[in-house]
Amino acid sequence: MHIPAMRNQPLIGVGLFAVGLLLAWQVGSKIVSNDERSLIFGVSIFAGCVVAVMTLRNWRTGFYLFFVWMLFEDLFRKYMGNGLALFFGKDVLVLLVYFSLFADIRRGREKRFHPPFLFCLSLFFMLGILQVFNPNSPHILYGLLGFKTYFFYIPFMFVGYALIRSDEDLRKFLVMNAALSGLIASLGIAQAILGNSFLNPAKLAPELEDLGNLEKASPLSHQMFSLPDSVFVSSGRFDFFLILAFILVLGTGGYFLLANLRGRKIVFPVIGIVAIATVLSGSRSTFLFVLFSVLALGAGFLWGAPWRQRQAHRMMKALRRSAIVGALGLASLLLLFPQEAASRLEYYTETLLPSGSSYQLENRTWDYPLQNFLDAFNRPNWVLGNGIGTASLGGQYVAKAIGGPVLSLAVEEGFGSLIVEMGIIAPFLWILWTGSLLYYSWKVMWPLRQKRFFPIALAIFWYAFLLLYPMTYSGLPSYQNYVDNVYFWLSVGILFRLPEIQASTPNLFPVPSASARARGGFQF
């Protein structure tokens, strides 16, 4: 039986030797000609093949590789010329994760998840399918783009549900998320101080130029400051990331203290880092969303604290630590970089405080969005829509691919954009499926009160509410942005898995030592 294999060994060896020589010759020629871009692209393809094989063997490994790549993909796009292969390359990995996971579900290796809001979501999904073939759409590629931005990452709720099987699985994911969030926020802080030449090439791709080199000025003091984009291609994507990062890391801190888990030395400093990055972002909406999240989650944590188990002091400790770390971070920023901090703070105070002559909060939160919503009815075909994707993120790539002009149908209000794309029925179906999701998410979160999972469950619920309503009201890019979309659906799956883990291991509250009880409990 081994004779044929032995006879083929020399042939296989010669073949591999020939392939190795060919690759060495190609790599050498690229190095000699200083073609670094092609060399990096080739290495990326090879790495992608290795990752694909690893994903098919273990979807969890593939997911974590995708998760890291998703957060740093834009950095490669900036330096590699924004090629479409990089932009859509991650989606191939996503498909492999889906395929590998659902294969394990069919074999009985992973648990099935039956979302209770699936019927309402399917109604909006069917509308999206019909809108792909809307005769008012200028090209089918717009429909495919829109379908991707709205629906492609929905299966991540099944990934999140299967990913978390125990407190240890959740701890590993949250620690990794906190570490990556701290790194990205730190790079954004450095860029805000050093300028946009840091982490950006000397010449960006034409379609990225207006996104990566933005500046603002305070209206009264006329102080100029740059808008950092960190590892992303736009400051807007960085701003969206800071909101979700702060909410999830704050919920992580509360959960870690209640469950007495390792990783708190990473989590709490990240809260301060993200708070500093938020101040330096120069985005009023990000600043306000983070501020409101502090107030809402702080009150919610106290409301759902485990008072009956006499562990509420640990929640107070989490809030105290977060407040101290945030205050120290902001104080350090003002002390070390007063000019950079002052320019942003003056911009916030001049435009957000009602006493200022440049007060813009009412206009930006009501008058401007309302006017944009009404403008949707001035767009053509608002009854049936112009087709999904015609007012979505990434439309410039479709216009570039088909050689046509960039469409100017979008309005800067989310529900108005839904009308432009999918007609007058779209906002009602959006409210139906999002309301259903939030209703069932609340039903999952409510029994977790006074239990260790409540802080992270509340953080996920709060982020889902912000993304689906206030942030969508400001504009659809927040939901269509693939980073936020993946986080959202992944978090939904994690949320619905928490009650099962709580039921399997209900008693994980740490018992204070005698000395701690004598002092009145755990101290900071």
# chains A, B, ... in the order shown; residues from 1 in each chain; ligands from 1
>>> select_by_dssp(residues="range 184-345 of chain A", states="alpha helix (DSSP H)", output="ChimeraX atom specification")
/A:184-194,206-212,235-259,264-280,284-303,312-336,338-345
>>> residues_around(residues="Leu407 in chain A", least_positions_apart="3", cutoff="10 Å", atoms="only C-alpha atoms", output="list in words")
Pro138, Thr390, Ala391, Ser392, Gly395, Gln396, Val398, Ala399, Gly404 and Ala410 of chain A
>>> write_last_selection(atoms="all heavy atoms", output="PDB file, in the first residue's frame")
ATOM      1  N   PRO A 138     -30.100  52.558 -10.760  1.00  0.00           N
ATOM      2  CA  PRO A 138     -29.317  52.728 -11.985  1.00  0.00           C
ATOM      3  C   PRO A 138     -28.481  51.513 -12.369  1.00  0.00           C
ATOM      4  O   PRO A 138     -28.083  51.387 -13.522  1.00  0.00           O
ATOM      5  CB  PRO A 138     -28.423  53.936 -11.690  1.00  0.00           C
ATOM      6  CG  PRO A 138     -28.351  54.006 -10.199  1.00  0.00           C
ATOM      7  CD  PRO A 138     -29.640  53.471  -9.692  1.00  0.00           C
ATOM      8  N   THR A 390     -28.548  52.794  -3.127  1.00  0.00           N
ATOM      9  CA  THR A 390     -28.352  54.030  -3.890  1.00  0.00           C
ATOM     10  C   THR A 390     -28.014  55.220  -2.995  1.00  0.00           C
ATOM     11  O   THR A 390     -27.538  56.243  -3.497  1.00  0.00           O
ATOM     12  CB  THR A 390     -29.613  54.353  -4.705  1.00  0.00           C
ATOM     13  OG1 THR A 390     -30.767  54.332  -3.839  1.00  0.00           O
ATOM     14  CG2 THR A 390     -29.811  53.330  -5.814  1.00  0.00           C
ATOM     15  N   ALA A 391     -28.258  55.112  -1.691  1.00  0.00           N
ATOM     16  CA  ALA A 391     -27.886  56.177  -0.761  1.00  0.00           C
ATOM     17  C   ALA A 391     -27.047  55.624   0.382  1.00  0.00           C
ATOM     18  O   ALA A 391     -27.024  56.187   1.472  1.00  0.00           O
ATOM     19  CB  ALA A 391     -29.141  56.863  -0.221  1.00  0.00           C
ATOM     20  N   SER A 392     -26.342  54.519   0.121  1.00  0.00           N
ATOM     21  CA  SER A 392     -25.595  53.823   1.169  1.00  0.00           C
ATOM     22  C   SER A 392     -24.118  54.171   1.128  1.00  0.00           C
ATOM     23  O   SER A 392     -23.614  54.729   0.136  1.00  0.00           O
ATOM     24  CB  SER A 392     -25.757  52.302   1.010  1.00  0.00           C
ATOM     25  OG  SER A 392     -27.094  51.902   1.211  1.00  0.00           O
ATOM     26  N   GLY A 395     -21.135  53.859  -2.065  1.00  0.00           N
ATOM     27  CA  GLY A 395     -21.672  54.100  -3.399  1.00  0.00           C
ATOM     28  C   GLY A 395     -20.633  54.615  -4.381  1.00  0.00           C
ATOM     29  O   GLY A 395     -20.725  54.365  -5.586  1.00  0.00           O
ATOM     30  N   GLN A 396     -19.587  55.290  -3.863  1.00  0.00           N
ATOM     31  CA  GLN A 396     -18.539  55.794  -4.746  1.00  0.00           C
ATOM     32  C   GLN A 396     -17.766  54.666  -5.415  1.00  0.00           C
ATOM     33  O   GLN A 396     -17.270  54.822  -6.541  1.00  0.00           O
ATOM     34  CB  GLN A 396     -17.587  56.728  -3.986  1.00  0.00           C
ATOM     35  CG  GLN A 396     -16.710  56.054  -2.936  1.00  0.00           C
ATOM     36  CD  GLN A 396     -17.391  55.952  -1.589  1.00  0.00           C
ATOM     37  OE1 GLN A 396     -18.603  56.011  -1.501  1.00  0.00           O
ATOM     38  NE2 GLN A 396     -16.587  55.805  -0.532  1.00  0.00           N
ATOM     39  N   VAL A 398     -19.088  51.751  -6.321  1.00  0.00           N
ATOM     40  CA  VAL A 398     -19.928  51.254  -7.420  1.00  0.00           C
ATOM     41  C   VAL A 398     -19.848  52.204  -8.602  1.00  0.00           C
ATOM     42  O   VAL A 398     -19.732  51.766  -9.761  1.00  0.00           O
ATOM     43  CB  VAL A 398     -21.383  51.095  -6.948  1.00  0.00           C
ATOM     44  CG1 VAL A 398     -22.285  50.685  -8.109  1.00  0.00           C
ATOM     45  CG2 VAL A 398     -21.479  50.080  -5.829  1.00  0.00           C
ATOM     46  N   ALA A 399     -19.907  53.502  -8.336  1.00  0.00           N
ATOM     47  CA  ALA A 399     -19.803  54.481  -9.425  1.00  0.00           C
ATOM     48  C   ALA A 399     -18.461  54.343 -10.145  1.00  0.00           C
ATOM     49  O   ALA A 399     -18.402  54.441 -11.378  1.00  0.00           O
ATOM     50  CB  ALA A 399     -19.968  55.891  -8.865  1.00  0.00           C
ATOM     51  N   GLY A 404     -19.693  55.480 -13.861  1.00  0.00           N
ATOM     52  CA  GLY A 404     -20.743  56.484 -13.849  1.00  0.00           C
ATOM     53  C   GLY A 404     -20.515  57.534 -12.788  1.00  0.00           C
ATOM     54  O   GLY A 404     -19.595  57.423 -11.970  1.00  0.00           O
ATOM     55  N   ALA A 410     -28.560  60.707  -1.306  1.00  0.00           N
ATOM     56  CA  ALA A 410     -28.572  60.550   0.146  1.00  0.00           C
ATOM     57  C   ALA A 410     -28.952  61.842   0.844  1.00  0.00           C
ATOM     58  O   ALA A 410     -28.696  62.952   0.361  1.00  0.00           O
ATOM     59  CB  ALA A 410     -27.208  60.075   0.626  1.00  0.00           C
TER      60      ALA A 410
END
>>> atom_distance(atom1="CA of Ala376 in chain A", atom2="CA of Pro470 in chain A")
18.4 Å
>>> atom_distance(atom1="CA of Arg321 in chain A", atom2="CA of Ser281 in chain A")
23.3 Å
>>> closest_residue(among="A:Val132, A:Tyr439, A:Ala162, A:Arg112", to="Trp59 in chain A", atoms="only C-alpha atoms")
A:Ala162
>>> residues_around(residues="Val444 in chain A", least_positions_apart="5", cutoff="10 Å", atoms="only C-alpha atoms", output="PyMOL selection string")
chain A and resi 438-439+457+461+495-499
>>> closest_residue(among="A:Gly387, A:Gly128, A:Gly272, A:Gly263", to="Leu170 in chain A", atoms="only C-alpha atoms")
A:Gly263
>>> residues_around(residues="Ser491 in chain A", least_positions_apart="4", cutoff="10 Å", atoms="only C-alpha atoms", output="PDB file with N, CA, C and O atoms, in the first residue's frame")
ATOM      1  N   PHE A 156     -23.727  37.180  12.217  1.00  0.00           N
ATOM      2  CA  PHE A 156     -22.816  37.288  13.352  1.00  0.00           C
ATOM      3  C   PHE A 156     -23.538  37.141  14.685  1.00  0.00           C
ATOM      4  O   PHE A 156     -22.895  36.891  15.708  1.00  0.00           O
ATOM      5  N   MET A 157     -24.875  37.279  14.699  1.00  0.00           N
ATOM      6  CA  MET A 157     -25.556  36.998  15.961  1.00  0.00           C
ATOM      7  C   MET A 157     -25.493  35.504  16.276  1.00  0.00           C
ATOM      8  O   MET A 157     -25.437  35.113  17.453  1.00  0.00           O
ATOM      9  N   VAL A 159     -22.890  33.705  15.353  1.00  0.00           N
ATOM     10  CA  VAL A 159     -21.489  33.560  15.752  1.00  0.00           C
ATOM     11  C   VAL A 159     -21.320  33.946  17.216  1.00  0.00           C
ATOM     12  O   VAL A 159     -20.681  33.233  18.004  1.00  0.00           O
ATOM     13  N   GLY A 160     -21.894  35.090  17.617  1.00  0.00           N
ATOM     14  CA  GLY A 160     -21.777  35.522  19.006  1.00  0.00           C
ATOM     15  C   GLY A 160     -22.432  34.557  19.975  1.00  0.00           C
ATOM     16  O   GLY A 160     -21.906  34.297  21.062  1.00  0.00           O
ATOM     17  N   TYR A 161     -23.574  34.004  19.579  1.00  0.00           N
ATOM     18  CA  TYR A 161     -24.269  33.046  20.444  1.00  0.00           C
ATOM     19  C   TYR A 161     -23.441  31.787  20.654  1.00  0.00           C
ATOM     20  O   TYR A 161     -23.376  31.251  21.759  1.00  0.00           O
ATOM     21  N   LEU A 248     -18.913  49.337  25.665  1.00  0.00           N
ATOM     22  CA  LEU A 248     -18.596  47.941  25.949  1.00  0.00           C
ATOM     23  C   LEU A 248     -17.516  47.813  27.024  1.00  0.00           C
ATOM     24  O   LEU A 248     -17.581  46.912  27.873  1.00  0.00           O
ATOM     25  N   ILE A 456     -22.690  43.963  31.593  1.00  0.00           N
ATOM     26  CA  ILE A 456     -22.391  43.800  30.173  1.00  0.00           C
ATOM     27  C   ILE A 456     -23.674  43.671  29.369  1.00  0.00           C
ATOM     28  O   ILE A 456     -23.761  44.127  28.228  1.00  0.00           O
ATOM     29  N   ALA A 457     -24.722  43.043  29.957  1.00  0.00           N
ATOM     30  CA  ALA A 457     -26.010  42.942  29.261  1.00  0.00           C
ATOM     31  C   ALA A 457     -26.611  44.325  29.059  1.00  0.00           C
ATOM     32  O   ALA A 457     -27.135  44.634  27.974  1.00  0.00           O
ATOM     33  N   ALA A 459     -24.963  47.160  28.932  1.00  0.00           N
ATOM     34  CA  ALA A 459     -24.128  47.876  27.963  1.00  0.00           C
ATOM     35  C   ALA A 459     -24.500  47.481  26.538  1.00  0.00           C
ATOM     36  O   ALA A 459     -24.599  48.344  25.648  1.00  0.00           O
ATOM     37  N   ILE A 460     -24.720  46.192  26.291  1.00  0.00           N
ATOM     38  CA  ILE A 460     -25.106  45.733  24.945  1.00  0.00           C
ATOM     39  C   ILE A 460     -26.470  46.294  24.563  1.00  0.00           C
ATOM     40  O   ILE A 460     -26.676  46.766  23.439  1.00  0.00           O
ATOM     41  N   PHE A 461     -27.418  46.228  25.498  1.00  0.00           N
ATOM     42  CA  PHE A 461     -28.751  46.766  25.215  1.00  0.00           C
ATOM     43  C   PHE A 461     -28.683  48.259  24.925  1.00  0.00           C
ATOM     44  O   PHE A 461     -29.326  48.758  23.990  1.00  0.00           O
ATOM     45  N   TYR A 463     -26.135  50.038  23.799  1.00  0.00           N
ATOM     46  CA  TYR A 463     -25.518  50.301  22.507  1.00  0.00           C
ATOM     47  C   TYR A 463     -26.480  49.987  21.359  1.00  0.00           C
ATOM     48  O   TYR A 463     -26.545  50.738  20.371  1.00  0.00           O
ATOM     49  N   ALA A 464     -27.238  48.886  21.476  1.00  0.00           N
ATOM     50  CA  ALA A 464     -28.206  48.550  20.437  1.00  0.00           C
ATOM     51  C   ALA A 464     -29.244  49.655  20.296  1.00  0.00           C
ATOM     52  O   ALA A 464     -29.604  50.050  19.173  1.00  0.00           O
ATOM     53  N   ASN A 485     -21.631  47.455  12.530  1.00  0.00           N
ATOM     54  CA  ASN A 485     -22.591  46.413  12.185  1.00  0.00           C
ATOM     55  C   ASN A 485     -22.164  45.065  12.743  1.00  0.00           C
ATOM     56  O   ASN A 485     -22.971  44.319  13.309  1.00  0.00           O
ATOM     57  N   VAL A 486     -20.891  44.732  12.587  1.00  0.00           N
ATOM     58  CA  VAL A 486     -20.387  43.464  13.123  1.00  0.00           C
ATOM     59  C   VAL A 486     -20.495  43.451  14.644  1.00  0.00           C
ATOM     60  O   VAL A 486     -20.959  42.464  15.251  1.00  0.00           O
ATOM     61  N   TYR A 487     -20.066  44.530  15.292  1.00  0.00           N
ATOM     62  CA  TYR A 487     -20.155  44.598  16.754  1.00  0.00           C
ATOM     63  C   TYR A 487     -21.604  44.451  17.215  1.00  0.00           C
ATOM     64  O   TYR A 487     -21.889  43.773  18.214  1.00  0.00           O
ATOM     65  N   LEU A 495     -25.602  38.577  23.998  1.00  0.00           N
ATOM     66  CA  LEU A 495     -26.631  38.915  24.981  1.00  0.00           C
ATOM     67  C   LEU A 495     -27.613  37.770  25.178  1.00  0.00           C
ATOM     68  O   LEU A 495     -27.964  37.421  26.314  1.00  0.00           O
ATOM     69  N   PHE A 496     -28.064  37.167  24.094  1.00  0.00           N
ATOM     70  CA  PHE A 496     -29.060  36.106  24.204  1.00  0.00           C
ATOM     71  C   PHE A 496     -28.462  34.801  24.741  1.00  0.00           C
ATOM     72  O   PHE A 496     -29.223  33.897  25.106  1.00  0.00           O
ATOM     73  N   ARG A 497     -27.140  34.696  24.790  1.00  0.00           N
ATOM     74  CA  ARG A 497     -26.515  33.496  25.360  1.00  0.00           C
ATOM     75  C   ARG A 497     -26.301  33.634  26.870  1.00  0.00           C
ATOM     76  O   ARG A 497     -26.161  32.626  27.580  1.00  0.00           O
TER      77      ARG A 497
END
>>> residues_around(residues="Pro155 in chain A", least_positions_apart="2", cutoff="12 Å", atoms="only C-alpha atoms", output="PyMOL selection string")
chain A and resi 94-95+97-99+101-102+113-115+118+148+150-153+157-162+485-493
>>> residues_around(residues="range 364-370 of chain A", least_positions_apart="2", cutoff="10 Å", atoms="only C-alpha atoms", output="VMD selection string")
chain A and resid 284 to 285 352 359 to 362 372 to 375 411 to 416 470 473 to 475
>>> residues_around(residues="Gly254 in chain A", least_positions_apart="5", cutoff="10 Å", atoms="only C-alpha atoms", output="list in words")
Val249, Ala259, Asn260, Arg264, Val267, Phe268, Gly298, Phe301, Ala305, Arg314, Met315, Met316, Lys317, Ala318, Leu319, Arg321, Ser322, Arg452, Phe453, Phe454, Pro455, Ile456 and Ala459 of chain A
>>> write_last_selection(atoms="C-alpha atoms", output="PDB file, in the first residue's frame")
ATOM      1  CA  VAL A 249     -15.472  48.600  28.012  1.00  0.00           C
ATOM      2  CA  ALA A 259     -17.491  38.199  38.800  1.00  0.00           C
ATOM      3  CA  ASN A 260     -13.993  38.918  40.205  1.00  0.00           C
ATOM      4  CA  ARG A 264      -9.267  44.475  35.314  1.00  0.00           C
ATOM      5  CA  VAL A 267      -9.973  47.253  31.290  1.00  0.00           C
ATOM      6  CA  PHE A 268     -10.047  50.270  33.613  1.00  0.00           C
ATOM      7  CA  GLY A 298     -24.011  54.618  35.763  1.00  0.00           C
ATOM      8  CA  PHE A 301     -25.602  49.764  37.017  1.00  0.00           C
ATOM      9  CA  ALA A 305     -26.747  46.048  41.290  1.00  0.00           C
ATOM     10  CA  ARG A 314     -18.517  46.148  43.959  1.00  0.00           C
ATOM     11  CA  MET A 315     -20.653  48.010  41.466  1.00  0.00           C
ATOM     12  CA  MET A 316     -19.956  51.210  43.340  1.00  0.00           C
ATOM     13  CA  LYS A 317     -16.289  50.322  43.103  1.00  0.00           C
ATOM     14  CA  ALA A 318     -16.568  49.900  39.333  1.00  0.00           C
ATOM     15  CA  LEU A 319     -18.199  53.314  38.962  1.00  0.00           C
ATOM     16  CA  ARG A 321     -12.748  53.412  39.442  1.00  0.00           C
ATOM     17  CA  SER A 322     -14.152  54.524  36.097  1.00  0.00           C
ATOM     18  CA  ARG A 452     -22.917  39.253  37.493  1.00  0.00           C
ATOM     19  CA  PHE A 453     -23.862  39.525  33.809  1.00  0.00           C
ATOM     20  CA  PHE A 454     -26.095  42.562  34.239  1.00  0.00           C
ATOM     21  CA  PRO A 455     -23.457  45.276  33.517  1.00  0.00           C
ATOM     22  CA  ILE A 456     -22.391  43.800  30.173  1.00  0.00           C
ATOM     23  CA  ALA A 459     -24.128  47.876  27.963  1.00  0.00           C
TER      24      ALA A 459
END
>>> atom_distance(atom1="CA of Gly385 in chain A", atom2="CA of Val420 in chain A")
5.2 Å
>>> select_by_dssp(residues="range 95-262 of chain A", states="strand (DSSP E or B)", output="MDAnalysis selection string")
chainID A and resid 215:217 224:226
>>> closest_residue(among="A:Ser504, A:Ser417, A:Ser226, A:Asn200", to="Leu75 in chain A", atoms="only C-alpha atoms")
A:Asn200
